[in-house]
file input-v1.csv (CSV, C-alpha atoms)
chain,number,residue,atom,x,y,z
S,290,MET,CA,-19.2,-3.4,22.0
S,291,ASN,CA,-22.3,-4.0,24.1
S,292,GLU,CA,-25.9,-3.6,22.8
S,293,ARG,CA,-26.2,0.0,24.1
S,294,GLU,CA,-23.0,1.0,22.3
S,295,GLN,CA,-24.2,-0.6,19.1
S,296,ALA,CA,-27.5,1.3,19.4
S,297,VAL,CA,-25.6,4.6,19.9
S,298,LEU,CA,-23.5,3.9,16.7
S,299,ALA,CA,-26.7,3.2,14.8
S,300,LEU,CA,-28.2,6.5,15.8
S,301,ILE,CA,-25.0,8.4,14.8
S,302,ARG,CA,-24.9,6.7,11.4
S,303,LYS,CA,-28.4,8.1,10.8
S,304,ASN,CA,-27.5,11.5,12.0
S,305,PRO,CA,-23.9,12.4,13.0
S,306,PHE,CA,-25.1,15.8,14.3
S,307,MET,CA,-27.6,14.5,16.8
S,308,SER,CA,-27.1,16.0,20.3
S,309,GLN,CA,-26.4,13.8,23.3
S,310,GLN,CA,-29.7,14.8,24.8
S,311,GLU,CA,-31.6,13.8,21.6
S,312,MET,CA,-29.8,10.4,21.6
S,313,ALA,CA,-30.6,9.9,25.3
S,314,ASP,CA,-34.2,10.7,24.7
S,315,LYS,CA,-34.5,8.2,21.8
S,316,MET,CA,-32.8,5.5,23.9
S,317,ASN,CA,-34.7,6.3,27.1
S,318,LEU,CA,-31.5,6.9,29.0
S,319,SER,CA,-30.3,9.8,31.1
S,320,ARG,CA,-27.8,12.2,29.5
S,321,PRO,CA,-24.9,11.2,31.8
S,322,VAL,CA,-25.3,7.5,30.9
S,323,LEU,CA,-25.4,8.5,27.2
S,324,ALA,CA,-22.2,10.6,27.7
S,325,ASN,CA,-20.4,7.6,29.3
S,326,LEU,CA,-21.4,5.4,26.3
S,327,VAL,CA,-20.0,8.1,23.9
S,328,SER,CA,-16.8,8.4,25.9
S,329,SER,CA,-16.4,4.6,25.7
S,330,LEU,CA,-16.9,4.5,22.0
S,331,THR,CA,-14.4,7.3,21.5
S,332,LYS,CA,-11.8,5.4,23.5
S,333,GLN,CA,-12.4,2.4,21.3
S,334,GLY,CA,-11.8,4.4,18.2
S,335,LYS,CA,-15.4,3.9,17.0
S,336,ILE,CA,-16.1,7.7,17.1
S,337,VAL,CA,-13.7,10.3,15.8
S,338,GLY,CA,-13.7,13.9,16.9
S,339,ARG,CA,-16.7,16.2,17.3
S,340,ALA,CA,-20.1,15.7,15.6
S,341,TYR,CA,-19.5,12.0,16.3
S,342,ILE,CA,-17.8,11.4,12.9
S,343,LEU,CA,-17.5,7.7,12.3
S,344,PRO,CA,-14.2,6.4,11.0
S,345,GLU,CA,-13.9,4.3,7.9
S,346,GLU,CA,-13.9,0.6,8.9
S,347,ASN,CA,-12.1,-2.2,7.2
S,348,GLU,CA,-10.5,0.1,4.6
S,349,ILE,CA,-7.1,-0.8,3.2
S,350,ILE,CA,-4.7,1.9,4.4
S,351,CYS,CA,-1.7,2.4,2.1
S,352,ILE,CA,1.1,4.4,3.7
S,353,GLY,CA,4.0,5.6,1.6
S,354,GLY,CA,5.1,7.4,-1.5
S,355,ALA,CA,3.0,9.4,-4.0
S,356,ASN,CA,5.3,10.9,-6.6
S,357,LEU,CA,5.1,12.6,-10.0
S,358,ASP,CA,7.1,10.3,-12.3
S,359,ARG,CA,8.9,11.7,-15.3
S,360,LYS,CA,10.1,9.2,-17.9
S,361,PHE,CA,12.6,9.8,-20.7
S,362,HIS,CA,12.8,7.1,-23.4
S,363,VAL,CA,16.3,7.3,-25.0
S,364,LYS,CA,16.5,6.7,-28.8
S,365,GLY,CA,19.5,4.4,-29.5
S,366,THR,CA,22.0,3.3,-26.9
S,367,VAL,CA,22.1,5.1,-23.6
S,368,GLN,CA,25.4,6.9,-23.2
S,369,LEU,CA,26.5,8.4,-19.9
S,370,GLY,CA,28.4,11.7,-19.7
S,371,THR,CA,26.7,13.2,-22.7
S,372,SER,CA,23.3,14.3,-24.1
S,373,ASN,CA,21.0,11.5,-25.3
S,374,PRO,CA,18.1,12.2,-27.7
S,375,ALA,CA,14.8,11.1,-26.0
S,376,SER,CA,11.1,11.5,-25.9
S,377,SER,CA,9.5,12.3,-22.5
S,378,SER,CA,6.3,11.7,-20.6
S,379,PHE,CA,5.0,12.1,-17.1
S,380,SER,CA,2.6,10.2,-14.9
S,381,VAL,CA,1.7,9.8,-11.3
S,382,GLY,CA,3.5,7.2,-9.2
S,383,GLY,CA,4.9,6.2,-5.9
S,384,VAL,CA,4.8,2.7,-4.5
S,385,GLY,CA,2.1,3.3,-1.9
S,386,ARG,CA,0.0,5.4,-4.3
S,387,ASN,CA,0.4,2.9,-7.2
S,388,ILE,CA,-0.7,0.0,-5.0
S,389,ALA,CA,-3.6,2.1,-3.8
S,390,GLU,CA,-4.8,2.9,-7.3
S,391,ASN,CA,-4.5,-0.8,-8.4
S,392,LEU,CA,-6.6,-1.8,-5.4
S,393,GLY,CA,-9.1,0.9,-6.0
S,394,ARG,CA,-9.5,-0.2,-9.6
S,395,LEU,CA,-10.0,-3.8,-8.2
S,396,ASN,CA,-13.0,-2.6,-6.2
S,397,HIS,CA,-11.5,-2.1,-2.7
S,398,GLN,CA,-12.0,0.8,-0.4
S,399,VAL,CA,-8.6,2.4,0.0
S,400,THR,CA,-7.1,5.3,2.0
S,401,LEU,CA,-3.7,6.8,1.2
S,402,LEU,CA,-1.6,8.3,4.0
S,403,THR,CA,1.4,10.3,2.8
S,404,THR,CA,3.1,13.7,2.9
S,405,ALA,CA,3.2,16.1,0.0
S,406,GLY,CA,4.0,19.7,-0.9
S,407,LYS,CA,1.4,22.4,-1.5
S,408,ASP,CA,2.5,22.6,-5.2
S,409,ALA,CA,1.5,21.9,-8.8
S,410,ASP,CA,2.9,18.4,-8.7
S,411,TRP,CA,0.5,17.4,-5.9
S,412,GLN,CA,-2.4,18.8,-7.8
S,413,VAL,CA,-1.6,16.6,-10.7
S,414,ILE,CA,-1.3,13.5,-8.4
S,415,GLN,CA,-4.6,14.4,-6.6
S,416,GLU,CA,-6.6,14.8,-9.8
S,417,ALA,CA,-5.3,11.5,-11.1
S,418,SER,CA,-5.8,9.6,-7.9
S,419,GLU,CA,-8.9,10.8,-6.1
S,420,SER,CA,-11.3,8.6,-8.0
S,421,PHE,CA,-9.6,5.5,-6.7
S,422,MET,CA,-8.7,6.3,-3.1
S,423,ASN,CA,-9.5,8.5,-0.1
S,424,LEU,CA,-7.0,11.4,0.0
S,425,ARG,CA,-8.5,13.3,2.9
S,426,TYR,CA,-5.7,12.3,5.3
S,427,VAL,CA,-2.8,13.4,3.0
S,428,GLU,CA,-0.6,15.9,4.9
S,429,GLN,CA,0.3,18.8,2.7
S,430,LEU,CA,3.3,20.7,4.0
S,431,PRO,CA,3.9,24.3,2.9
S,432,ASP,CA,7.7,24.1,3.0
S,433,ALA,CA,8.2,20.7,1.3
S,434,SER,CA,8.2,19.6,-2.3
S,435,THR,CA,6.0,16.7,-3.5
S,436,GLY,CA,8.0,13.5,-4.1
S,437,SER,CA,9.3,13.1,-7.7
S,438,TYR,CA,11.0,10.3,-9.6
S,439,THR,CA,12.7,10.6,-12.9
S,440,ALA,CA,13.5,7.5,-14.9
S,441,ILE,CA,15.7,7.1,-18.1
S,442,MET,CA,14.6,4.1,-20.1
S,443,ASP,CA,16.5,2.4,-22.9
S,444,GLU,CA,14.9,1.3,-26.2
S,445,GLN,CA,13.8,-2.0,-24.7
S,446,GLY,CA,11.9,-0.2,-22.0
S,447,GLU,CA,14.4,-1.3,-19.3
S,448,LEU,CA,15.5,1.2,-16.6
S,449,ALA,CA,18.9,2.7,-17.3
S,450,LEU,CA,19.1,5.4,-14.6
S,451,ALA,CA,16.8,6.9,-12.1
S,452,VAL,CA,16.9,9.8,-9.7
S,453,ALA,CA,14.4,10.5,-6.9
S,454,ASN,CA,13.5,13.4,-4.6
S,455,MET,CA,11.9,11.8,-1.6
S,456,GLU,CA,12.8,14.0,1.3
S,457,VAL,CA,9.2,14.8,2.0
S,458,TYR,CA,8.6,11.3,3.3
S,459,ASP,CA,11.1,11.8,6.1
S,460,LEU,CA,8.3,14.0,7.6
S,461,LEU,CA,5.8,11.1,7.5
S,462,LEU,CA,6.5,10.5,11.3
S,463,PRO,CA,4.5,8.7,14.0
S,464,SER,CA,3.5,12.1,15.4
S,465,LEU,CA,1.6,12.8,12.2
S,466,LEU,CA,-0.1,9.4,12.0
S,467,LYS,CA,-1.2,9.5,15.6
S,468,LYS,CA,-3.6,12.3,14.6
S,469,TYR,CA,-5.5,9.6,12.8
S,470,GLU,CA,-5.2,6.9,15.4
S,471,ALA,CA,-8.9,6.1,15.6
S,472,MET,CA,-9.0,5.6,11.8
S,473,LEU,CA,-5.9,3.4,11.9
S,474,MET,CA,-7.4,1.2,14.7
S,475,ASN,CA,-10.3,0.4,12.4
S,476,ALA,CA,-8.3,-0.5,9.3
S,477,GLY,CA,-8.9,-3.7,7.5
S,478,CYS,CA,-5.3,-4.0,6.3
S,479,PHE,CA,-2.1,-1.9,6.3
S,480,ILE,CA,0.2,-1.8,3.2
S,481,MET,CA,3.4,0.2,3.8
S,482,ASP,CA,6.4,1.0,1.6
S,483,LEU,CA,9.8,1.8,3.0
S,484,ASN,CA,9.8,5.4,1.9
S,485,CYS,CA,8.6,5.9,5.5
S,486,PRO,CA,11.0,6.4,8.3
S,487,LYS,CA,11.8,3.3,10.4
S,488,GLU,CA,10.1,4.7,13.5
S,489,THR,CA,6.9,5.1,11.5
S,490,VAL,CA,7.1,1.5,10.2
S,491,VAL,CA,7.6,0.3,13.8
S,492,TYR,CA,4.6,2.4,14.9
S,493,ILE,CA,2.3,0.8,12.4
S,494,GLN,CA,3.8,-2.7,13.2
S,495,GLN,CA,2.8,-2.1,16.8
S,496,VAL,CA,-0.7,-1.0,15.9
S,497,ALA,CA,-1.1,-4.0,13.6
S,498,ILE,CA,0.0,-6.4,16.4
S,499,ALA,CA,-2.2,-4.8,19.0
S,500,ARG,CA,-5.3,-4.7,16.8
S,501,ALA,CA,-4.6,-7.9,14.9
S,502,ILE,CA,-4.7,-6.0,11.6
S,503,PRO,CA,-3.0,-7.6,8.5
S,504,PHE,CA,0.2,-5.8,7.7
S,505,VAL,CA,2.0,-5.8,4.3
S,506,ILE,CA,5.5,-4.4,3.9
S,507,VAL,CA,6.8,-3.6,0.4
S,508,PRO,CA,10.4,-2.2,0.2
S,509,VAL,CA,11.2,0.3,-2.5
S,510,SER,CA,15.0,-0.1,-2.8
S,511,SER,CA,18.0,-1.9,-1.3
S,512,PRO,CA,19.3,1.3,0.4
S,513,LYS,CA,16.0,1.7,2.3
S,514,MET,CA,16.0,-1.8,3.8
S,515,ASN,CA,17.5,-0.2,6.9
S,516,ARG,CA,14.0,1.1,7.6
S,517,LEU,CA,12.7,-2.4,8.3
S,518,PRO,CA,11.7,-3.2,11.9
S,519,ASP,CA,14.2,-5.4,13.8
S,520,THR,CA,11.8,-8.3,13.4
S,521,LEU,CA,8.9,-9.0,11.0
S,522,GLN,CA,6.6,-10.0,13.8
S,523,GLY,CA,3.0,-9.0,12.8
S,524,VAL,CA,3.9,-8.8,9.1
S,525,THR,CA,1.4,-10.8,7.2
S,526,TRP,CA,3.0,-10.4,3.8
S,527,PHE,CA,6.6,-9.4,3.1
S,528,ILE,CA,7.2,-8.9,-0.7
S,529,CYS,CA,10.6,-7.8,-1.9
S,530,ASN,CA,12.9,-8.2,-5.0
S,531,THR,CA,16.1,-10.1,-5.1
S,532,ASP,CA,18.4,-7.1,-4.5
S,533,GLU,CA,16.4,-6.2,-1.4
S,534,ALA,CA,16.5,-9.8,-0.1
S,535,GLU,CA,20.2,-9.9,-0.6
S,536,THR,CA,20.5,-6.9,1.7
S,537,ILE,CA,18.8,-8.8,4.4
S,538,VAL,CA,20.6,-12.1,4.1
S,539,GLY,CA,24.0,-10.5,3.4
S,540,HIS,CA,25.0,-12.6,0.4
S,541,THR,CA,24.3,-13.1,-3.3
S,542,ILE,CA,21.1,-15.0,-4.3
S,543,ASN,CA,21.8,-16.7,-7.6
S,544,ASN,CA,20.1,-20.1,-7.4
S,545,GLU,CA,17.0,-21.8,-6.1
S,546,ALA,CA,18.7,-23.0,-2.9
S,547,ASN,CA,19.8,-19.4,-2.1
S,548,TYR,CA,16.2,-18.2,-2.6
S,549,ASP,CA,14.9,-20.9,-0.3
S,550,LYS,CA,17.4,-20.0,2.4
S,551,ALA,CA,16.5,-16.3,2.1
S,552,ILE,CA,12.8,-17.1,2.3
S,553,GLN,CA,13.3,-19.3,5.4
S,554,LYS,CA,15.2,-16.4,7.1
S,555,LEU,CA,12.4,-14.0,6.4
S,556,LEU,CA,9.9,-16.4,7.8
S,557,GLN,CA,12.1,-16.9,10.9
S,558,LEU,CA,12.1,-13.1,11.4
S,559,GLY,CA,8.3,-13.4,11.9
S,560,ALA,CA,6.6,-12.9,8.5
S,561,GLU,CA,3.6,-15.1,7.7
S,562,HIS,CA,3.9,-15.0,3.9
S,563,VAL,CA,7.1,-14.2,2.0
S,564,ILE,CA,7.6,-13.5,-1.7
S,565,ILE,CA,10.9,-12.6,-3.5
S,566,THR,CA,10.5,-11.4,-7.0
S,567,ALA,CA,13.1,-12.2,-9.6
S,568,GLY,CA,12.1,-10.4,-12.8
S,569,SER,CA,11.9,-12.6,-15.8
S,570,LYS,CA,12.8,-15.6,-13.6
S,571,GLY,CA,9.4,-15.3,-11.8
S,572,VAL,CA,9.0,-15.4,-8.1
S,573,TYR,CA,10.0,-17.5,-5.1
S,574,ALA,CA,7.5,-17.7,-2.3
S,575,ALA,CA,6.5,-19.5,0.9
S,576,SER,CA,4.4,-19.1,4.0
S,577,THR,CA,4.3,-20.6,7.4
S,578,THR,CA,2.0,-23.3,6.0
S,579,SER,CA,3.4,-23.6,2.4
S,580,PRO,CA,7.0,-24.7,1.7
S,581,PRO,CA,9.2,-22.6,-0.6
S,582,ARG,CA,8.6,-23.0,-4.3
S,583,HIS,CA,9.2,-21.3,-7.6
S,584,PHE,CA,6.5,-19.7,-9.8
S,585,ALA,CA,7.6,-19.0,-13.4
S,586,ALA,CA,6.9,-15.6,-14.9
S,587,LYS,CA,4.2,-15.2,-17.5
S,588,THR,CA,5.5,-15.1,-21.0
S,589,ILE,CA,5.3,-11.7,-22.7
S,590,LYS,CA,6.0,-10.7,-26.3
S,591,LYS,CA,7.2,-7.2,-25.8
S,592,ILE,CA,7.8,-5.1,-22.6
S,593,GLU,CA,6.5,-1.6,-23.0
S,594,ASP,CA,7.6,-0.3,-19.7
S,595,VAL,CA,8.8,-2.0,-16.4
S,596,THR,CA,7.6,0.9,-14.2
S,597,GLY,CA,4.8,-0.1,-12.0
S,598,ALA,CA,4.9,-3.9,-12.7
S,599,GLY,CA,6.1,-4.7,-9.2
S,600,ASP,CA,3.4,-2.6,-7.6
S,601,ALA,CA,0.8,-4.3,-9.9
S,602,PHE,CA,2.1,-7.7,-8.7
S,603,VAL,CA,1.8,-6.8,-5.0
S,604,SER,CA,-1.7,-5.3,-5.5
S,605,ALA,CA,-3.1,-8.4,-7.2
S,606,VAL,CA,-1.6,-10.7,-4.6
S,607,ILE,CA,-3.2,-8.8,-1.8
S,608,HIS,CA,-6.5,-8.4,-3.7
S,609,SER,CA,-6.8,-12.1,-4.2
S,610,TRP,CA,-5.8,-12.8,-0.6
S,611,LEU,CA,-8.4,-10.4,0.7
S,612,ARG,CA,-10.9,-12.2,-1.5
S,613,GLY,CA,-10.0,-15.5,0.3
S,614,GLN,CA,-8.1,-17.2,-2.5
S,615,SER,CA,-5.4,-19.8,-2.0
S,616,PHE,CA,-1.7,-19.0,-1.8
S,617,GLU,CA,-1.1,-20.3,-5.3
S,618,VAL,CA,-4.0,-18.3,-6.8
S,619,CYS,CA,-2.7,-15.2,-5.1
S,620,ILE,CA,0.7,-15.6,-6.7
S,621,ASP,CA,-0.9,-16.3,-10.1
S,622,ALA,CA,-3.0,-13.1,-9.8
S,623,GLY,CA,0.1,-11.1,-9.1
S,624,LEU,CA,2.0,-12.6,-12.0
S,625,THR,CA,-0.9,-12.0,-14.4
S,626,ASN,CA,-1.3,-8.3,-13.3
S,627,ALA,CA,2.4,-7.8,-13.6
S,628,LYS,CA,2.5,-9.2,-17.1
S,629,LYS,CA,-0.3,-7.0,-18.3
S,630,THR,CA,1.3,-3.9,-16.8
S,631,LEU,CA,4.6,-4.7,-18.4
S,632,ALA,CA,2.8,-4.6,-21.8
S,633,SER,CA,1.2,-1.3,-21.0
S,634,PRO,CA,2.7,2.2,-21.3
S,635,TYR,CA,1.0,3.2,-18.1
S,636,THR,CA,2.3,2.8,-14.5
S,637,VAL,CA,-1.2,1.5,-13.5
S,638,ARG,CA,-3.1,0.2,-16.5
S,639,PRO,CA,-6.4,2.1,-16.9
S,640,GLU,CA,-8.4,-0.8,-18.1
S,641,LEU,CA,-7.8,-2.8,-14.8
S,642,SER,CA,-10.9,-4.1,-13.0
S,643,GLU,CA,-11.7,-7.0,-10.8
S,644,GLU,CA,-13.7,-8.7,-13.6
S,645,LEU,CA,-10.9,-8.2,-16.1
S,646,LEU,CA,-8.2,-9.6,-13.9
S,647,LYS,CA,-10.3,-12.7,-13.2
S,648,SER,CA,-10.8,-13.3,-17.0
S,649,GLU,CA,-7.1,-12.7,-17.7
S,650,MET,CA,-6.2,-15.4,-15.1
S,651,GLU,CA,-8.4,-17.8,-17.0
S,652,GLU,CA,-6.8,-17.2,-20.4

call {"tool": "encode", "arguments": {"input": "input-v1.csv", "output": "structure tokens"}}
result
Amino acid sequence: MNEREQAVLALIRKNPFMSQQEMADKMNLSRPVLANLVSSLTKQGKIVGRAYILPEENEIICIGGANLDRKFHVKGTVQLGTSNPASSSFSVGGVGRNIAENLGRLNHQVTLLTTAGKDADWQVIQEASESFMNLRYVEQLPDASTGSYTAIMDEQGELALAVANMEVYDLLLPSLLKKYEAMLMNAGCFIMDLNCPKETVVYIQQVAIARAIPFVIVPVSSPKMNRLPDTLQGVTWFICNTDEAETIVGHTINNEANYDKAIQKLLQLGAEHVIITAGSKGVYAASTTSPPRHFAAKTIKKIEDVTGAGDAFVSAVIHSWLRGQSFEVCIDAGLTNAKKTLASPYTVRPELSEELLKSEMEE
């Protein structure tokens, strides 16, 4: 931007409803010259819509799922084909939403982009989420149902079975996101889960490359790996679990050499940083400047609930990276947040803060 364009933005920040003539008078310019400056700023994505609304700049944009999670904790051994006695609970979830809440609690400005129904489930999600993220760009669709996820957990807190209703995310298409193109062009970072259609992932990849915006991809399951772009060009962080990595490389990953080979393949596809999570075995990670290595999981006495631990890991990694920390410190932050979330009954632990995470890493 030139000096005149910067001066126009300064006036708009003070009063978004100022007329072009008023701005022209304050800047000692003719109205046609001022109109040209406004047109240029609009094309650059610095001004959105009428009344010269300024887009959020440098916010983290999380794109993906926002579900109502229902959990059933079975008493005794899980038995298929019959009724199991259980206690139940519900919470808000979805990979994109969970990451957004973690990052909001870690003191980042976050916007969530998703599709949802106009129903009671979305109202529950909205009330639980709006304190930690911007929800004004959520597209509520009258003929759709808000995403839901139902998990059946065994007595140890491990997942025994899950079912998901995610059809609403098939409607999270590029045509919808293009309505917010100016906001997207000013993002500080994109974090995207693979609940989104492939064409939407490719669209955000293209925006990230064109605008040099950091781009994080987080798969949600092996069956949805076919939504990945054909290359990982422009992907700053690619974080997946072992099953998802196996889908990409086409073979079983059961030893350190296999993990190293899988990581190298993902780097060759274009990703800058790659992490493969392996549950209790820890994580395997590398970047274009750091060779593959193994990081052990943090020890934990009792797992309360595994739901949300992966999202907690991703969030803390990206949080630390955005704060300028080293690759190793980013991994340590992720493992610490995952450990504390595993010990919590909540999908996103309510006590999380930037200060708390820092102190936990020093324990």

call {"tool": "closest_residue", "arguments": {"input": "input-v1.csv", "among": "S:Glu535, S:Glu651, S:Glu617, S:Glu348", "to": "S:Ala389", "atoms": "only C-alpha atoms"}}
result
S:Glu348

call {"tool": "residues_around", "arguments": {"input": "input-v1.csv", "residues": "S:Thr625", "least_positions_apart": "2", "cutoff": "12 Å", "atoms": "only C-alpha atoms", "output": "JSON, numbers by chain"}}
result
{"S": [571, 584, 585, 586, 587, 588, 589, 598, 599, 601, 602, 603, 604, 605, 606, 609, 618, 619, 620, 621, 622, 623, 627, 628, 629, 630, 631, 632, 641, 645, 646, 647, 648, 649, 650, 651, 652]}

call {"tool": "write_last_selection", "arguments": {"input": "input-v1.csv", "atoms": "C-alpha atoms", "output": "short mmCIF file (atom, residue, chain, number, x, y, z; two decimals), in the frame of the given file"}}
result
data_model
loop_
_atom_site.label_atom_id
_atom_site.label_comp_id
_atom_site.auth_asym_id
_atom_site.auth_seq_id
_atom_site.Cartn_x
_atom_site.Cartn_y
_atom_site.Cartn_z
CA GLY S 571 9.40 -15.30 -11.80
CA PHE S 584 6.50 -19.70 -9.80
CA ALA S 585 7.60 -19.00 -13.40
CA ALA S 586 6.90 -15.60 -14.90
CA LYS S 587 4.20 -15.20 -17.50
CA THR S 588 5.50 -15.10 -21.00
CA ILE S 589 5.30 -11.70 -22.70
CA ALA S 598 4.90 -3.90 -12.70
CA GLY S 599 6.10 -4.70 -9.20
CA ALA S 601 0.80 -4.30 -9.90
CA PHE S 602 2.10 -7.70 -8.70
CA VAL S 603 1.80 -6.80 -5.00
CA SER S 604 -1.70 -5.30 -5.50
CA ALA S 605 -3.10 -8.40 -7.20
CA VAL S 606 -1.60 -10.70 -4.60
CA SER S 609 -6.80 -12.10 -4.20
CA VAL S 618 -4.00 -18.30 -6.80
CA CYS S 619 -2.70 -15.20 -5.10
CA ILE S 620 0.70 -15.60 -6.70
CA ASP S 621 -0.90 -16.30 -10.10
CA ALA S 622 -3.00 -13.10 -9.80
CA GLY S 623 0.10 -11.10 -9.10
CA ALA S 627 2.40 -7.80 -13.60
CA LYS S 628 2.50 -9.20 -17.10
CA LYS S 629 -0.30 -7.00 -18.30
CA THR S 630 1.30 -3.90 -16.80
CA LEU S 631 4.60 -4.70 -18.40
CA ALA S 632 2.80 -4.60 -21.80
CA LEU S 641 -7.80 -2.80 -14.80
CA LEU S 645 -10.90 -8.20 -16.10
CA LEU S 646 -8.20 -9.60 -13.90
CA LYS S 647 -10.30 -12.70 -13.20
CA SER S 648 -10.80 -13.30 -17.00
CA GLU S 649 -7.10 -12.70 -17.70
CA MET S 650 -6.20 -15.40 -15.10
CA GLU S 651 -8.40 -17.80 -17.00
CA GLU S 652 -6.80 -17.20 -20.40
#

call {"tool": "closest_residue", "arguments": {"input": "input-v1.csv", "among": "S:Lys407, S:Lys513, S:Arg293, S:Arg359", "to": "S:Ala440", "atoms": "all atoms listed in the file"}}
result
S:Arg359

call {"tool": "residues_around", "arguments": {"input": "input-v1.csv", "residues": "stretch 555-562 of chain S", "least_positions_apart": "4", "cutoff": "9 Å", "atoms": "only C-alpha atoms", "output": "PDB file with C-alpha atoms, in the coordinates of the input"}}
result
ATOM      1  CA  ASP S 519      14.200  -5.400  13.800  1.00  0.00           C
ATOM      2  CA  THR S 520      11.800  -8.300  13.400  1.00  0.00           C
ATOM      3  CA  LEU S 521       8.900  -9.000  11.000  1.00  0.00           C
ATOM      4  CA  GLN S 522       6.600 -10.000  13.800  1.00  0.00           C
ATOM      5  CA  GLY S 523       3.000  -9.000  12.800  1.00  0.00           C
ATOM      6  CA  VAL S 524       3.900  -8.800   9.100  1.00  0.00           C
ATOM      7  CA  THR S 525       1.400 -10.800   7.200  1.00  0.00           C
ATOM      8  CA  TRP S 526       3.000 -10.400   3.800  1.00  0.00           C
ATOM      9  CA  PHE S 527       6.600  -9.400   3.100  1.00  0.00           C
ATOM     10  CA  ILE S 528       7.200  -8.900  -0.700  1.00  0.00           C
ATOM     11  CA  ALA S 534      16.500  -9.800  -0.100  1.00  0.00           C
ATOM     12  CA  ILE S 537      18.800  -8.800   4.400  1.00  0.00           C
ATOM     13  CA  VAL S 538      20.600 -12.100   4.100  1.00  0.00           C
ATOM     14  CA  LYS S 550      17.400 -20.000   2.400  1.00  0.00           C
ATOM     15  CA  ALA S 551      16.500 -16.300   2.100  1.00  0.00           C
ATOM     16  CA  ALA S 574       7.500 -17.700  -2.300  1.00  0.00           C
ATOM     17  CA  ALA S 575       6.500 -19.500   0.900  1.00  0.00           C
ATOM     18  CA  SER S 576       4.400 -19.100   4.000  1.00  0.00           C
ATOM     19  CA  THR S 577       4.300 -20.600   7.400  1.00  0.00           C
ATOM     20  CA  THR S 578       2.000 -23.300   6.000  1.00  0.00           C
ATOM     21  CA  SER S 579       3.400 -23.600   2.400  1.00  0.00           C
ATOM     22  CA  PHE S 616      -1.700 -19.000  -1.800  1.00  0.00           C
TER      23      PHE S 616
END

call {"tool": "atom_distance", "arguments": {"input": "input-v1.csv", "atom1": "atom CA of S:Ile301", "atom2": "atom CA of S:Ile336"}}
result
9.2 Å

call {"tool": "residues_near_point", "arguments": {"input": "input-v1.csv", "point": "(-25.3, 5.8, 17.7)", "cutoff": "10 Å", "atoms": "only C-alpha atoms", "output": "PDB file with C-alpha atoms, keeping the file's coordinate frame"}}
result
ATOM      1  CA  ARG S 293     -26.200   0.000  24.100  1.00  0.00           C
ATOM      2  CA  GLU S 294     -23.000   1.000  22.300  1.00  0.00           C
ATOM      3  CA  GLN S 295     -24.200  -0.600  19.100  1.00  0.00           C
ATOM      4  CA  ALA S 296     -27.500   1.300  19.400  1.00  0.00           C
ATOM      5  CA  VAL S 297     -25.600   4.600  19.900  1.00  0.00           C
ATOM      6  CA  LEU S 298     -23.500   3.900  16.700  1.00  0.00           C
ATOM      7  CA  ALA S 299     -26.700   3.200  14.800  1.00  0.00           C
ATOM      8  CA  LEU S 300     -28.200   6.500  15.800  1.00  0.00           C
ATOM      9  CA  ILE S 301     -25.000   8.400  14.800  1.00  0.00           C
ATOM     10  CA  ARG S 302     -24.900   6.700  11.400  1.00  0.00           C
ATOM     11  CA  LYS S 303     -28.400   8.100  10.800  1.00  0.00           C
ATOM     12  CA  ASN S 304     -27.500  11.500  12.000  1.00  0.00           C
ATOM     13  CA  PRO S 305     -23.900  12.400  13.000  1.00  0.00           C
ATOM     14  CA  MET S 307     -27.600  14.500  16.800  1.00  0.00           C
ATOM     15  CA  GLN S 309     -26.400  13.800  23.300  1.00  0.00           C
ATOM     16  CA  MET S 312     -29.800  10.400  21.600  1.00  0.00           C
ATOM     17  CA  MET S 316     -32.800   5.500  23.900  1.00  0.00           C
ATOM     18  CA  LEU S 323     -25.400   8.500  27.200  1.00  0.00           C
ATOM     19  CA  LEU S 326     -21.400   5.400  26.300  1.00  0.00           C
ATOM     20  CA  VAL S 327     -20.000   8.100  23.900  1.00  0.00           C
ATOM     21  CA  LEU S 330     -16.900   4.500  22.000  1.00  0.00           C
ATOM     22  CA  ILE S 336     -16.100   7.700  17.100  1.00  0.00           C
ATOM     23  CA  TYR S 341     -19.500  12.000  16.300  1.00  0.00           C
ATOM     24  CA  LEU S 343     -17.500   7.700  12.300  1.00  0.00           C
TER      25      LEU S 343
END

call {"tool": "residues_around", "arguments": {"input": "input-v1.csv", "residues": "stretch 442-455 of chain S", "least_positions_apart": "4", "cutoff": "7 Å", "atoms": "all atoms listed in the file", "output": "count of residues only"}}
result
14

call {"tool": "atom_distance", "arguments": {"input": "input-v1.csv", "atom1": "atom CA of S:Asp482", "atom2": "atom CA of S:Gly597"}}
result
13.7 Å

call {"tool": "closest_residue", "arguments": {"input": "input-v1.csv", "among": "S:Leu462, S:Gly370, S:Gly393, S:Gly334", "to": "S:Arg500", "atoms": "only C-alpha atoms"}}
result
S:Gly334

call {"tool": "atom_distance", "arguments": {"input": "input-v1.csv", "atom1": "atom CA of S:Asn423", "atom2": "atom CA of S:Lys332"}}
result
23.9 Å

call {"tool": "closest_residue", "arguments": {"input": "input-v1.csv", "among": "S:Asn317, S:Asn626, S:Thr400, S:Gln614", "to": "S:Arg386", "atoms": "all atoms listed in the file"}}
result
S:Thr400

call {"tool": "residues_around", "arguments": {"input": "input-v1.csv", "residues": "S:Thr435", "least_positions_apart": "5", "cutoff": "9 Å", "atoms": "all atoms listed in the file", "output": "list in words"}}
result
Ala355, Asn356, Leu357, Thr404, Ala405, Gly406, Lys407, Asp408, Ala409, Asp410, Trp411, Gln429, Leu430, Asn454, Met455, Glu456 and Val457 of chain S

call {"tool": "residues_near_point", "arguments": {"input": "input-v1.csv", "point": "(22.1, -7.2, -0.2)", "cutoff": "10 Å", "atoms": "all atoms listed in the file", "output": "list in words"}}
result
Ser511, Pro512, Met514, Thr531, Asp532, Glu533, Ala534, Glu535, Thr536, Ile537, Val538, Gly539, His540, Thr541 and Ile542 of chain S
